[in-house]
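Okay, structure first, notes after.
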Amino acid sequence: MIPSMPSAISLNTPIEDLHNFRIARLGDQLAHKLALALASHANKRNAADVTVEDLLNYLPMRYEDRSHPAAIKDLSDGMEASLELIVLRAHGYEIRKGFGRGPRLFIFEIKAHDAAHTGPEVIVWWFVSGRRAYEIVKYYKEKLVAGTRFITFGRWEWNAAKSTYKLQLHRPADELEILPSPEQQLLTTEEEIGPEQSEENVSDPALALIHVGRRVPVYRKLGPFNSKRVREIVHAVLTTLEPQAIEETLPDDLLKRIKLIPRTRALNEIHFPPPDVSMEDYERARSPAHARMIFEDFFWVTFALGLKRGRRAKESKAAPLRIDKILYNKIAAVLPFKLTEAQRRVTREIFNDLKSTAPMNRLLQGDVGSGKTIVALIAMVAAMENDLQTALMAPTEILAEQHARNIKRLLAKTPYRIERLTGSLPAAQKRELRMALKTGEINAVIGTHALVQEGVVFDKLGLAVIDEQHRFGVMQRAELRARGFNPDVLVMTATPIPRSLAMTVYGDLDVSVIDQMPPGRTPIETIVAGEDQRQDVKRLISREVKAGHQVYVVYPLVEESEKMDLKDATRRYEYLRDVVFPRLPVGLLHGKMKPAEKETVMKAFVAGEIKILVSTTVIEVGVDVPNASVMIVEHAERFGLSQLHQLRGRVGRGAKKSYCVLLTSDKKTAVAEERLGIMAKTTDGFVIAEKDLEIRGPGEVLGTRQSGLPEFRIGNLVRDRLLLESAKREAESYLSKEKSPMTAKLIARITRDTRFGLAAIG
């Protein structure tokens, strides 16, 4: 028997079922394509799980006021404006033949005027390149014939030579939209700019008027669907949805207290602004609709994390640890130096957790070289002195091997058995180590993700230390925790996290910060250099190696790329070894090498046998060679701030003067210039982290998908801090009244929400 379809659309209606409701000419194949395109954005694996709610959460990237588009006479140099224009002439000019110097390159140019001829004709242009350049240019010419109406948006520049305004487009599919003529509005059209006339972008004539004469949303291309078609589909869905189908998710008293509009109104207005609202508020995400959706984003994340934290506090571990004078004496016997005041303060916080009946869940933050590892080692010694096993999980084999080597050296005179377990070990050795862990013969194991693979069983795991926490998925962390009876967990990161980000990504953890560097460190001198300063860089390398020091040279790629004009590690290694420094030992390290090869190279570099190490970012985290005094980063403009800071942290680990040289090409964006300027001004990781958050956003800084935190649909942790703090206060207020009926409803809702499934694991 064929199941009957629901009579009305709801937020839970699968996108693949929209064809049953005759929505914006979506057939079953197009509905499936739309679901596939949305799956990635909604962080869902299967297209079948993508719903109408996921579509409505695909928000506009900007808005255009087409109710009153600007006139040519209103333009000024540098002004951003939307204009409705009519094509006078359109043509493609070939400026590079497609032979040995790259693919064919055209400039496509439109000369146009507005309907009222308010000023001189304007020029809209963009580059067209690639294998299909000629075919694309031909397509544009056919679509943009004389008399065609179109709307375009961007920054208009005055061109004195031609006495007109010019607008360069970078993404024509997003920035230019062909409008139907009055007689075409009754016909099916295929007018959107694009290299092919695909069925996905065949407009619905019944929806022609939603593109003009009003404030309209502009969307990023969604798979094969251009902005115009996404607008039509979203409008059709919102029009079809009954108001009661959009369930209110926030309590009525909260809406009144914070003065938020209902969810139904917010979802409608965030896509299609009403005629009387401020467009400036929409562009700045300050409209009532934005405020409601941003608050909702933040509220549910902070509520989920607060709920998780509360549940953790009620858990109990096998037994609290004994922290006494005997333990202090044993720790003092293995410490190679006197702790800083910041390290002592953090150690006291960790010891208080270890003595508690509830399991520790603490984040240890500290800048590069601040001494987090020695604090983690103290916690491991405390656990082992209480007859418990410990595990330290690192993101790379290089870092795991380094931790194992250092910890074995520091604990050489103790009875503890310390072992390393990584994926590259021979199968027989891994079996032997697993058996020793199961029987309790191993006191501490240092490894990679191999620690959470099948077959790894602990006798009494009491403490799990996770280094560079943001590089592990939530499931991996949960797997390691599951291998003990609620063990104490200490997660560490050398990527300083701004307070606003820590409130969300690590809202379920107690946070300790080592905010003091060990004494005797000489500040690193950071130099931003261009191609014309390579001889100076060569002299710096020669001078430092002659003085007995070592050098890192880091490249963004392993092998030469045809798509990007970048210097690759492999070829530059050969060039440096054979041409530039033929008398010096030069080594190569990258992620595609076999683990045994990487280990051999790192051991040679640590021993001082290799003087210049050419590498990719595989050495970004944790590698500690105190004798290295120079870090050269090629194509530094391609790296993020936190990554550059991590790379710089590989040098300056002693009293000697160290240098970080950021070599750049001439093709730097304004954002890249800003990043490099920040690196030259400060070595404070927390200042750098704040700037990185402002420039790139939270998802890029830490990878929120990887951390298990749902992606914010619209909230920005920098721009919307006041709303974040308000949402957190409200969430905590409800959680403090756990027995109230309203809080019970909120908990039931968050438990059902699949977006928070991972966040609830921790």
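Scheme for the structure tokens: letters A, B, ... for chains in order shown; per-chain residue numbers from 1; ligand numbers from 1 in order shown.
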All residues 10 Å or closer to Ala376 of chain A, only C-alpha atoms, same chain fewer than 2 positions away omitted, as a PyMOL selection string = chain A and resi 347+350+364+371-374+378-382+392+464-467+490-492
Written file, previous selection with C-alpha atoms, as a PDB file, in the first residue's frame:
```
ATOM      1  CA  THR A 347      48.460  23.103  38.910  1.00  0.00           C
ATOM      2  CA  ILE A 350      43.946  20.824  38.466  1.00  0.00           C
ATOM      3  CA  LEU A 364      44.309  24.244  29.763  1.00  0.00           C
ATOM      4  CA  GLY A 371      54.857  25.221  29.588  1.00  0.00           C
ATOM      5  CA  LYS A 372      51.536  23.377  29.310  1.00  0.00           C
ATOM      6  CA  THR A 373      53.167  19.979  28.825  1.00  0.00           C
ATOM      7  CA  ILE A 374      55.018  20.070  32.157  1.00  0.00           C
ATOM      8  CA  ILE A 378      52.480  16.750  36.870  1.00  0.00           C
ATOM      9  CA  ALA A 379      48.816  15.697  36.606  1.00  0.00           C
ATOM     10  CA  MET A 380      49.888  12.368  35.045  1.00  0.00           C
ATOM     11  CA  VAL A 381      52.372  11.710  37.876  1.00  0.00           C
ATOM     12  CA  ALA A 382      49.608  12.426  40.415  1.00  0.00           C
ATOM     13  CA  LEU A 392      48.055  11.408  26.406  1.00  0.00           C
ATOM     14  CA  ALA A 464      43.111  11.341  29.833  1.00  0.00           C
ATOM     15  CA  VAL A 465      45.147  14.279  28.512  1.00  0.00           C
ATOM     16  CA  ILE A 466      44.218  15.517  25.028  1.00  0.00           C
ATOM     17  CA  ASP A 467      46.752  17.800  23.349  1.00  0.00           C
ATOM     18  CA  LEU A 490      42.482  17.558  30.748  1.00  0.00           C
ATOM     19  CA  VAL A 491      42.421  19.087  27.266  1.00  0.00           C
ATOM     20  CA  MET A 492      45.189  21.439  26.157  1.00  0.00           C
TER      21      MET A 492
END
```
Which residues come within 12 Å of Thr13 of chain A, counting only C-alpha atoms, excluding same-chain residues fewer than 2 positions away, as a ChimeraX atom specification?
-> /A:5-11,15-21,31,35,48-56,237,241,245-246
Output for the residues just chosen: N, CA and C atoms as a PDB file, in the first residue's frame:
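Result written to part_16.pdb:
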```pdb
ATOM      1  N   MET A   5       0.539  11.092   1.247  1.00  0.00           N
ATOM      2  CA  MET A   5       1.390  12.240   1.524  1.00  0.00           C
ATOM      3  C   MET A   5       0.647  13.208   2.436  1.00  0.00           C
ATOM      4  N   PRO A   6       1.371  13.916   3.319  1.00  0.00           N
ATOM      5  CA  PRO A   6       0.714  14.931   4.147  1.00  0.00           C
ATOM      6  C   PRO A   6       0.106  16.008   3.260  1.00  0.00           C
ATOM      7  N   SER A   7      -0.982  16.587   3.748  1.00  0.00           N
ATOM      8  CA  SER A   7      -1.712  17.557   2.930  1.00  0.00           C
ATOM      9  C   SER A   7      -1.070  18.935   2.933  1.00  0.00           C
ATOM     10  N   ALA A   8      -0.173  19.194   3.877  1.00  0.00           N
ATOM     11  CA  ALA A   8       0.437  20.521   3.972  1.00  0.00           C
ATOM     12  C   ALA A   8       1.924  20.391   4.279  1.00  0.00           C
ATOM     13  N   ILE A   9       2.650  21.413   3.911  1.00  0.00           N
ATOM     14  CA  ILE A   9       4.085  21.446   4.176  1.00  0.00           C
ATOM     15  C   ILE A   9       4.320  21.831   5.633  1.00  0.00           C
ATOM     16  N   SER A  10       5.319  21.205   6.254  1.00  0.00           N
ATOM     17  CA  SER A  10       5.762  21.593   7.589  1.00  0.00           C
ATOM     18  C   SER A  10       7.269  21.798   7.546  1.00  0.00           C
ATOM     19  N   LEU A  11       7.838  22.280   8.636  1.00  0.00           N
ATOM     20  CA  LEU A  11       9.294  22.456   8.689  1.00  0.00           C
ATOM     21  C   LEU A  11      10.011  21.120   8.568  1.00  0.00           C
ATOM     22  N   ILE A  15      12.992  17.853   1.813  1.00  0.00           N
ATOM     23  CA  ILE A  15      13.140  18.620   0.570  1.00  0.00           C
ATOM     24  C   ILE A  15      12.825  17.742  -0.628  1.00  0.00           C
ATOM     25  N   GLU A  16      13.200  16.475  -0.547  1.00  0.00           N
ATOM     26  CA  GLU A  16      12.963  15.562  -1.673  1.00  0.00           C
ATOM     27  C   GLU A  16      11.472  15.351  -1.944  1.00  0.00           C
ATOM     28  N   ASP A  17      10.611  15.725  -0.980  1.00  0.00           N
ATOM     29  CA  ASP A  17       9.169  15.555  -1.163  1.00  0.00           C
ATOM     30  C   ASP A  17       8.482  16.818  -1.677  1.00  0.00           C
ATOM     31  N   LEU A  18       9.247  17.903  -1.868  1.00  0.00           N
ATOM     32  CA  LEU A  18       8.619  19.164  -2.285  1.00  0.00           C
ATOM     33  C   LEU A  18       7.940  19.053  -3.644  1.00  0.00           C
ATOM     34  N   HIS A  19       8.426  18.141  -4.479  1.00  0.00           N
ATOM     35  CA  HIS A  19       7.812  18.017  -5.809  1.00  0.00           C
ATOM     36  C   HIS A  19       6.341  17.611  -5.699  1.00  0.00           C
ATOM     37  N   ASN A  20       5.954  16.974  -4.596  1.00  0.00           N
ATOM     38  CA  ASN A  20       4.556  16.573  -4.415  1.00  0.00           C
ATOM     39  C   ASN A  20       3.635  17.768  -4.170  1.00  0.00           C
ATOM     40  N   PHE A  21       4.233  18.910  -3.817  1.00  0.00           N
ATOM     41  CA  PHE A  21       3.427  20.096  -3.512  1.00  0.00           C
ATOM     42  C   PHE A  21       3.497  21.139  -4.625  1.00  0.00           C
ATOM     43  N   ALA A  31      14.256  18.402  -6.929  1.00  0.00           N
ATOM     44  CA  ALA A  31      14.130  18.394  -5.469  1.00  0.00           C
ATOM     45  C   ALA A  31      15.273  17.594  -4.850  1.00  0.00           C
ATOM     46  N   ALA A  35      18.180  18.972  -2.325  1.00  0.00           N
ATOM     47  CA  ALA A  35      18.478  18.325  -1.039  1.00  0.00           C
ATOM     48  C   ALA A  35      19.967  17.992  -0.930  1.00  0.00           C
ATOM     49  N   ALA A  48      18.208  12.598   2.091  1.00  0.00           N
ATOM     50  CA  ALA A  48      16.855  12.266   2.550  1.00  0.00           C
ATOM     51  C   ALA A  48      16.527  12.920   3.890  1.00  0.00           C
ATOM     52  N   ASP A  49      17.558  13.294   4.654  1.00  0.00           N
ATOM     53  CA  ASP A  49      17.337  13.895   5.979  1.00  0.00           C
ATOM     54  C   ASP A  49      17.187  15.414   5.928  1.00  0.00           C
ATOM     55  N   VAL A  50      17.390  16.007   4.758  1.00  0.00           N
ATOM     56  CA  VAL A  50      17.336  17.466   4.632  1.00  0.00           C
ATOM     57  C   VAL A  50      15.881  17.911   4.551  1.00  0.00           C
ATOM     58  N   THR A  51      15.523  18.919   5.362  1.00  0.00           N
ATOM     59  CA  THR A  51      14.128  19.325   5.489  1.00  0.00           C
ATOM     60  C   THR A  51      13.900  20.769   5.047  1.00  0.00           C
ATOM     61  N   VAL A  52      12.632  21.160   5.045  1.00  0.00           N
ATOM     62  CA  VAL A  52      12.257  22.539   4.745  1.00  0.00           C
ATOM     63  C   VAL A  52      12.933  23.500   5.724  1.00  0.00           C
ATOM     64  N   GLU A  53      13.062  23.097   6.984  1.00  0.00           N
ATOM     65  CA  GLU A  53      13.723  23.958   7.969  1.00  0.00           C
ATOM     66  C   GLU A  53      15.172  24.224   7.572  1.00  0.00           C
ATOM     67  N   ASP A  54      15.859  23.222   7.027  1.00  0.00           N
ATOM     68  CA  ASP A  54      17.233  23.420   6.555  1.00  0.00           C
ATOM     69  C   ASP A  54      17.273  24.431   5.407  1.00  0.00           C
ATOM     70  N   LEU A  55      16.268  24.380   4.526  1.00  0.00           N
ATOM     71  CA  LEU A  55      16.199  25.355   3.431  1.00  0.00           C
ATOM     72  C   LEU A  55      16.025  26.769   3.979  1.00  0.00           C
ATOM     73  N   LEU A  56      15.142  26.932   4.952  1.00  0.00           N
ATOM     74  CA  LEU A  56      14.887  28.267   5.497  1.00  0.00           C
ATOM     75  C   LEU A  56      16.050  28.766   6.346  1.00  0.00           C
ATOM     76  N   VAL A 237       8.023  28.354  -0.732  1.00  0.00           N
ATOM     77  CA  VAL A 237       7.875  27.563   0.494  1.00  0.00           C
ATOM     78  C   VAL A 237       7.256  28.412   1.602  1.00  0.00           C
ATOM     79  N   LEU A 241       3.715  27.585   3.453  1.00  0.00           N
ATOM     80  CA  LEU A 241       3.695  27.198   4.866  1.00  0.00           C
ATOM     81  C   LEU A 241       2.601  27.946   5.621  1.00  0.00           C
ATOM     82  N   ALA A 245       2.516  26.181  11.167  1.00  0.00           N
ATOM     83  CA  ALA A 245       3.498  25.131  10.862  1.00  0.00           C
ATOM     84  C   ALA A 245       4.889  25.487  11.385  1.00  0.00           C
ATOM     85  N   ILE A 246       5.131  26.772  11.634  1.00  0.00           N
ATOM     86  CA  ILE A 246       6.424  27.202  12.181  1.00  0.00           C
ATOM     87  C   ILE A 246       6.266  27.308  13.687  1.00  0.00           C
TER      88      ILE A 246
END
```
Pick from A:Glu248, A:Asp74, A:Glu725, A:Glu544 nearest to Lys657 of chain A, counting only C-alpha atoms |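 That would be A:Glu544, the residue with the smallest distance to Lys657 of chain A.
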Identify, with DSSP run on backbone atoms, the residues in segment 49-203 of chain A assigned to strand (DSSP E or B), and express the list as number ranges by chain.
-> A: 51, 62-65, 70, 79-96, 105-113, 122-129, 149-159, 164-168, 176-178
Using only C-alpha atoms, please write the residues we just selected to a file, as a short mmCIF file (atom, residue, chain, number, x, y, z; two decimals), in the first residue's frame.
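Listing of result.cif after writing:
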```cif
data_model
loop_
_atom_site.label_atom_id
_atom_site.label_comp_id
_atom_site.auth_asym_id
_atom_site.auth_seq_id
_atom_site.Cartn_x
_atom_site.Cartn_y
_atom_site.Cartn_z
CA THR A 51 14.13 19.32 5.49
CA ARG A 62 23.03 40.34 1.42
CA TYR A 63 19.96 42.31 0.33
CA GLU A 64 19.16 44.68 -2.51
CA ASP A 65 16.57 47.42 -2.37
CA ALA A 70 19.90 53.98 -7.49
CA MET A 79 29.87 54.02 -3.87
CA GLU A 80 28.24 50.60 -3.39
CA ALA A 81 24.87 50.56 -5.10
CA SER A 82 22.32 48.43 -6.91
CA LEU A 83 21.27 49.70 -10.36
CA GLU A 84 18.59 48.53 -12.76
CA LEU A 85 20.08 48.95 -16.25
CA ILE A 86 19.33 48.32 -19.92
CA VAL A 87 21.98 46.80 -22.20
CA LEU A 88 23.28 49.00 -25.03
CA ARG A 89 26.11 46.72 -26.17
CA ALA A 90 27.76 43.58 -24.78
CA HIS A 91 31.00 42.08 -26.03
CA GLY A 92 33.87 39.80 -25.02
CA TYR A 93 37.48 40.86 -25.72
CA GLU A 94 40.18 38.21 -25.82
CA ILE A 95 43.32 39.49 -24.04
CA ARG A 96 45.32 36.24 -23.88
CA LEU A 105 41.44 35.00 -20.98
CA PHE A 106 38.63 37.38 -21.98
CA ILE A 107 37.18 40.58 -20.62
CA PHE A 108 33.41 40.65 -20.96
CA GLU A 109 32.04 44.19 -21.03
CA ILE A 110 28.49 45.58 -20.95
CA LYS A 111 27.71 49.18 -21.81
CA ALA A 112 24.36 50.19 -20.35
CA HIS A 113 22.15 53.06 -19.21
CA VAL A 122 28.11 52.95 -17.51
CA ILE A 123 30.37 49.93 -17.98
CA VAL A 124 29.98 46.60 -16.17
CA TRP A 125 32.82 44.12 -16.79
CA TRP A 126 34.49 40.94 -15.54
CA PHE A 127 37.16 38.40 -16.49
CA VAL A 128 36.31 35.08 -18.17
CA SER A 129 38.99 32.38 -18.27
CA ARG A 149 17.05 44.65 -18.49
CA PHE A 150 19.30 43.57 -15.65
CA ILE A 151 20.13 44.46 -12.07
CA THR A 152 23.70 44.53 -10.78
CA PHE A 153 25.29 45.41 -7.48
CA GLY A 154 28.79 46.44 -6.39
CA ARG A 155 31.29 49.22 -5.85
CA TRP A 156 31.21 51.75 -8.68
CA GLU A 157 34.50 53.45 -9.62
CA TRP A 158 34.83 56.63 -11.65
CA ASN A 159 36.93 56.12 -14.80
CA THR A 164 32.02 57.11 -16.92
CA TYR A 165 31.44 54.79 -13.97
CA LYS A 166 32.76 51.23 -14.16
CA LEU A 167 31.84 48.20 -12.07
CA GLN A 168 33.99 45.06 -11.97
CA LEU A 176 24.19 40.26 -11.94
CA GLU A 177 20.62 39.20 -12.52
CA ILE A 178 18.71 39.41 -15.80
#
```
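In terms of minimum interatomic distance to Leu613 of chain A, A:Arg650 ranks closest within A:His645, A:Arg431, A:Arg650, A:Lys592, counting only C-alpha atoms.
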Looking at only C-alpha atoms, which of A:Lys438, A:Pro120, A:Gln365, A:Thr683 is the one that sits closest to Ala342 of chain A?
->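 Of all the options, A:Gln365 lies closest to Ala342 of chain A.
Residues within 12 Å of Pro320 of chain A, counting only C-alpha atoms and excluding same-chain residues fewer than 4 positions away, are A:Ser316, A:Phe351, A:Asn352, A:Asp353, A:Leu354, A:Lys355, A:Ser356, A:Thr357, A:Ala358, A:Pro359, A:Met360, A:Ala382, A:Ala383, A:Asn386, A:Asp387, A:Leu388, A:Gly462, A:Leu463, A:Asn486, A:Pro487, A:Asp488.
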File dump, residues just selected, C-alpha atoms, as a short mmCIF file (atom, residue, chain, number, x, y, z; two decimals), in the first residue's frame:
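So selection.cif came out as:
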```cif
data_model
loop_
_atom_site.label_atom_id
_atom_site.label_comp_id
_atom_site.auth_asym_id
_atom_site.auth_seq_id
_atom_site.Cartn_x
_atom_site.Cartn_y
_atom_site.Cartn_z
CA SER A 316 31.19 10.50 39.96
CA PHE A 351 44.76 19.27 41.85
CA ASN A 352 41.45 20.58 43.26
CA ASP A 353 39.67 18.78 40.40
CA LEU A 354 41.64 15.57 40.94
CA LYS A 355 40.71 15.56 44.67
CA SER A 356 37.02 15.97 43.82
CA THR A 357 34.54 13.10 43.57
CA ALA A 358 33.34 14.49 40.20
CA PRO A 359 35.50 13.85 37.12
CA MET A 360 37.69 16.74 35.96
CA ALA A 382 49.61 12.43 40.42
CA ALA A 383 47.34 9.87 38.74
CA ASN A 386 47.36 6.84 42.86
CA ASP A 387 47.78 3.53 40.96
CA LEU A 388 45.86 4.76 37.93
CA GLY A 462 42.18 7.51 35.55
CA LEU A 463 43.39 10.51 33.53
CA ASN A 486 34.57 8.58 34.08
CA PRO A 487 38.28 9.43 34.07
CA ASP A 488 39.56 12.92 34.75
#
```
Leu222 of chain A: which residues within 12 Å, counting only C-alpha atoms, same-chain residues fewer than 5 positions away excluded, as a ChimeraX atom specification?
-> /A:33-42,55,58-61,173-174,200-201,227-231,233
Output for the residues just chosen: N, CA and C atoms as an mmCIF file, in the first residue's frame:
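Result saved to again_14.cif:
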```cif
data_model
loop_
_atom_site.group_PDB
_atom_site.id
_atom_site.type_symbol
_atom_site.label_atom_id
_atom_site.label_comp_id
_atom_site.auth_asym_id
_atom_site.auth_seq_id
_atom_site.Cartn_x
_atom_site.Cartn_y
_atom_site.Cartn_z
ATOM 1 N N LYS A 33 18.266 17.183 -6.215
ATOM 2 C CA LYS A 33 19.482 17.992 -6.367
ATOM 3 C C LYS A 33 19.553 19.088 -5.304
ATOM 4 N N LEU A 34 18.400 19.681 -5.010
ATOM 5 C CA LEU A 34 18.358 20.729 -3.986
ATOM 6 C C LEU A 34 18.700 20.151 -2.618
ATOM 7 N N ALA A 35 18.180 18.972 -2.325
ATOM 8 C CA ALA A 35 18.478 18.325 -1.039
ATOM 9 C C ALA A 35 19.967 17.992 -0.930
ATOM 10 N N LEU A 36 20.551 17.532 -2.022
ATOM 11 C CA LEU A 36 21.993 17.225 -2.018
ATOM 12 C C LEU A 36 22.810 18.484 -1.753
ATOM 13 N N ALA A 37 22.426 19.582 -2.393
ATOM 14 C CA ALA A 37 23.163 20.835 -2.217
ATOM 15 C C ALA A 37 23.047 21.349 -0.791
ATOM 16 N N LEU A 38 21.866 21.191 -0.183
ATOM 17 C CA LEU A 38 21.648 21.679 1.180
ATOM 18 C C LEU A 38 22.286 20.789 2.244
ATOM 19 N N ALA A 39 22.516 19.518 1.913
ATOM 20 C CA ALA A 39 23.017 18.569 2.909
ATOM 21 C C ALA A 39 24.333 19.035 3.512
ATOM 22 N N SER A 40 25.237 19.494 2.670
ATOM 23 C CA SER A 40 26.537 19.944 3.162
ATOM 24 C C SER A 40 26.385 21.166 4.059
ATOM 25 N N HIS A 41 25.564 22.115 3.626
ATOM 26 C CA HIS A 41 25.347 23.328 4.427
ATOM 27 C C HIS A 41 24.715 22.994 5.774
ATOM 28 N N ALA A 42 23.804 22.017 5.793
ATOM 29 C CA ALA A 42 23.104 21.647 7.022
ATOM 30 C C ALA A 42 23.888 20.630 7.842
ATOM 31 N N LEU A 55 16.268 24.380 4.526
ATOM 32 C CA LEU A 55 16.199 25.355 3.431
ATOM 33 C C LEU A 55 16.025 26.769 3.979
ATOM 34 N N TYR A 58 19.034 28.505 5.210
ATOM 35 C CA TYR A 58 20.009 28.969 4.221
ATOM 36 C C TYR A 58 19.704 30.442 3.988
ATOM 37 N N LEU A 59 20.413 31.292 4.706
ATOM 38 C CA LEU A 59 20.045 32.706 4.768
ATOM 39 C C LEU A 59 20.736 33.526 3.682
ATOM 40 N N PRO A 60 20.156 34.667 3.327
ATOM 41 C CA PRO A 60 20.763 35.522 2.293
ATOM 42 C C PRO A 60 22.138 36.028 2.717
ATOM 43 N N MET A 61 23.031 36.219 1.717
ATOM 44 C CA MET A 61 24.344 36.793 2.035
ATOM 45 C C MET A 61 24.259 38.320 2.070
ATOM 46 N N ALA A 173 27.418 35.355 -11.513
ATOM 47 C CA ALA A 173 26.205 34.595 -11.194
ATOM 48 C C ALA A 173 25.520 35.127 -9.943
ATOM 49 N N ASP A 174 26.298 35.714 -9.010
ATOM 50 C CA ASP A 174 25.741 36.266 -7.777
ATOM 51 C C ASP A 174 25.472 37.761 -7.884
ATOM 52 N N GLU A 200 17.927 23.450 -13.562
ATOM 53 C CA GLU A 200 17.823 23.954 -12.192
ATOM 54 C C GLU A 200 17.472 25.434 -12.168
ATOM 55 N N ASN A 201 17.902 26.155 -13.219
ATOM 56 C CA ASN A 201 17.753 27.603 -13.209
ATOM 57 C C ASN A 201 16.686 28.110 -14.169
ATOM 58 N N SER A 227 21.181 32.261 -7.423
ATOM 59 C CA SER A 227 20.490 33.074 -6.420
ATOM 60 C C SER A 227 19.018 33.278 -6.760
ATOM 61 N N LYS A 228 18.739 33.521 -8.027
ATOM 62 C CA LYS A 228 17.366 33.803 -8.441
ATOM 63 C C LYS A 228 16.446 32.611 -8.160
ATOM 64 N N ARG A 229 16.938 31.402 -8.477
ATOM 65 C CA ARG A 229 16.099 30.214 -8.257
ATOM 66 C C ARG A 229 15.941 29.909 -6.773
ATOM 67 N N VAL A 230 16.998 30.114 -5.998
ATOM 68 C CA VAL A 230 16.875 29.907 -4.548
ATOM 69 C C VAL A 230 15.820 30.861 -3.989
ATOM 70 N N ARG A 231 15.847 32.119 -4.468
ATOM 71 C CA ARG A 231 14.867 33.118 -4.017
ATOM 72 C C ARG A 231 13.448 32.649 -4.332
ATOM 73 N N ILE A 233 12.362 29.556 -4.812
ATOM 74 C CA ILE A 233 11.987 28.362 -4.045
ATOM 75 C C ILE A 233 11.666 28.736 -2.608
#
```
Pick from A:Pro180, A:Glu738, A:Asn716, A:Arg215: nearest to Ser278 of chain A, with only C-alpha atoms counted?
->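 Smallest distance to Ser278 of chain A is found for A:Arg215.
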Taking the DSSP assignment computed from this structure's backbone, write out as a count of residues only all residues of segment 379-471 of chain A that belong to alpha helix (DSSP H).
-> 34
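Among the candidates A:Glu597, A:Glu574, A:Glu121, A:Glu349, the one nearest to Ile612 of chain A when counting only C-alpha atoms is A:Glu574.
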Nearest to Val687 of chain A: which of A:Asp324, A:Glu730, A:Asp666, A:Asp367 is it, counting only C-alpha atoms?
->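 Of all the options, A:Asp367 lies closest to Val687 of chain A.
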Who sits within 9 Å of Ser287 of chain A, only C-alpha atoms, same chain under 6 positions skipped, as a short mmCIF file (atom, residue, chain, number, x, y, z; two decimals) with N, CA and C atoms, in the first residue's frame:
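Result file is around-v8.cif:
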```cif
data_model
loop_
_atom_site.label_atom_id
_atom_site.label_comp_id
_atom_site.auth_asym_id
_atom_site.auth_seq_id
_atom_site.Cartn_x
_atom_site.Cartn_y
_atom_site.Cartn_z
N ILE A 270 13.40 37.64 7.55
CA ILE A 270 14.84 37.56 7.34
C ILE A 270 15.16 37.22 5.89
N VAL A 277 11.22 48.72 6.68
CA VAL A 277 12.35 48.53 7.59
C VAL A 277 13.60 49.22 7.05
N SER A 278 14.57 49.42 7.94
CA SER A 278 15.84 50.03 7.55
C SER A 278 16.72 49.02 6.84
N MET A 279 17.10 49.30 5.60
CA MET A 279 17.99 48.39 4.88
C MET A 279 19.38 48.38 5.50
N GLU A 280 19.75 49.49 6.14
CA GLU A 280 21.04 49.52 6.83
C GLU A 280 21.05 48.51 7.97
N ASP A 281 19.93 48.38 8.69
CA ASP A 281 19.84 47.38 9.76
C ASP A 281 19.97 45.97 9.20
#
```
Spatial neighbours of Gly677 of chain A, 12 Å, only C-alpha atoms, chain gap at least 2 places, as a ChimeraX atom specification | /A:526-529,636-637,641,644,662,670-675,679-683,688,691
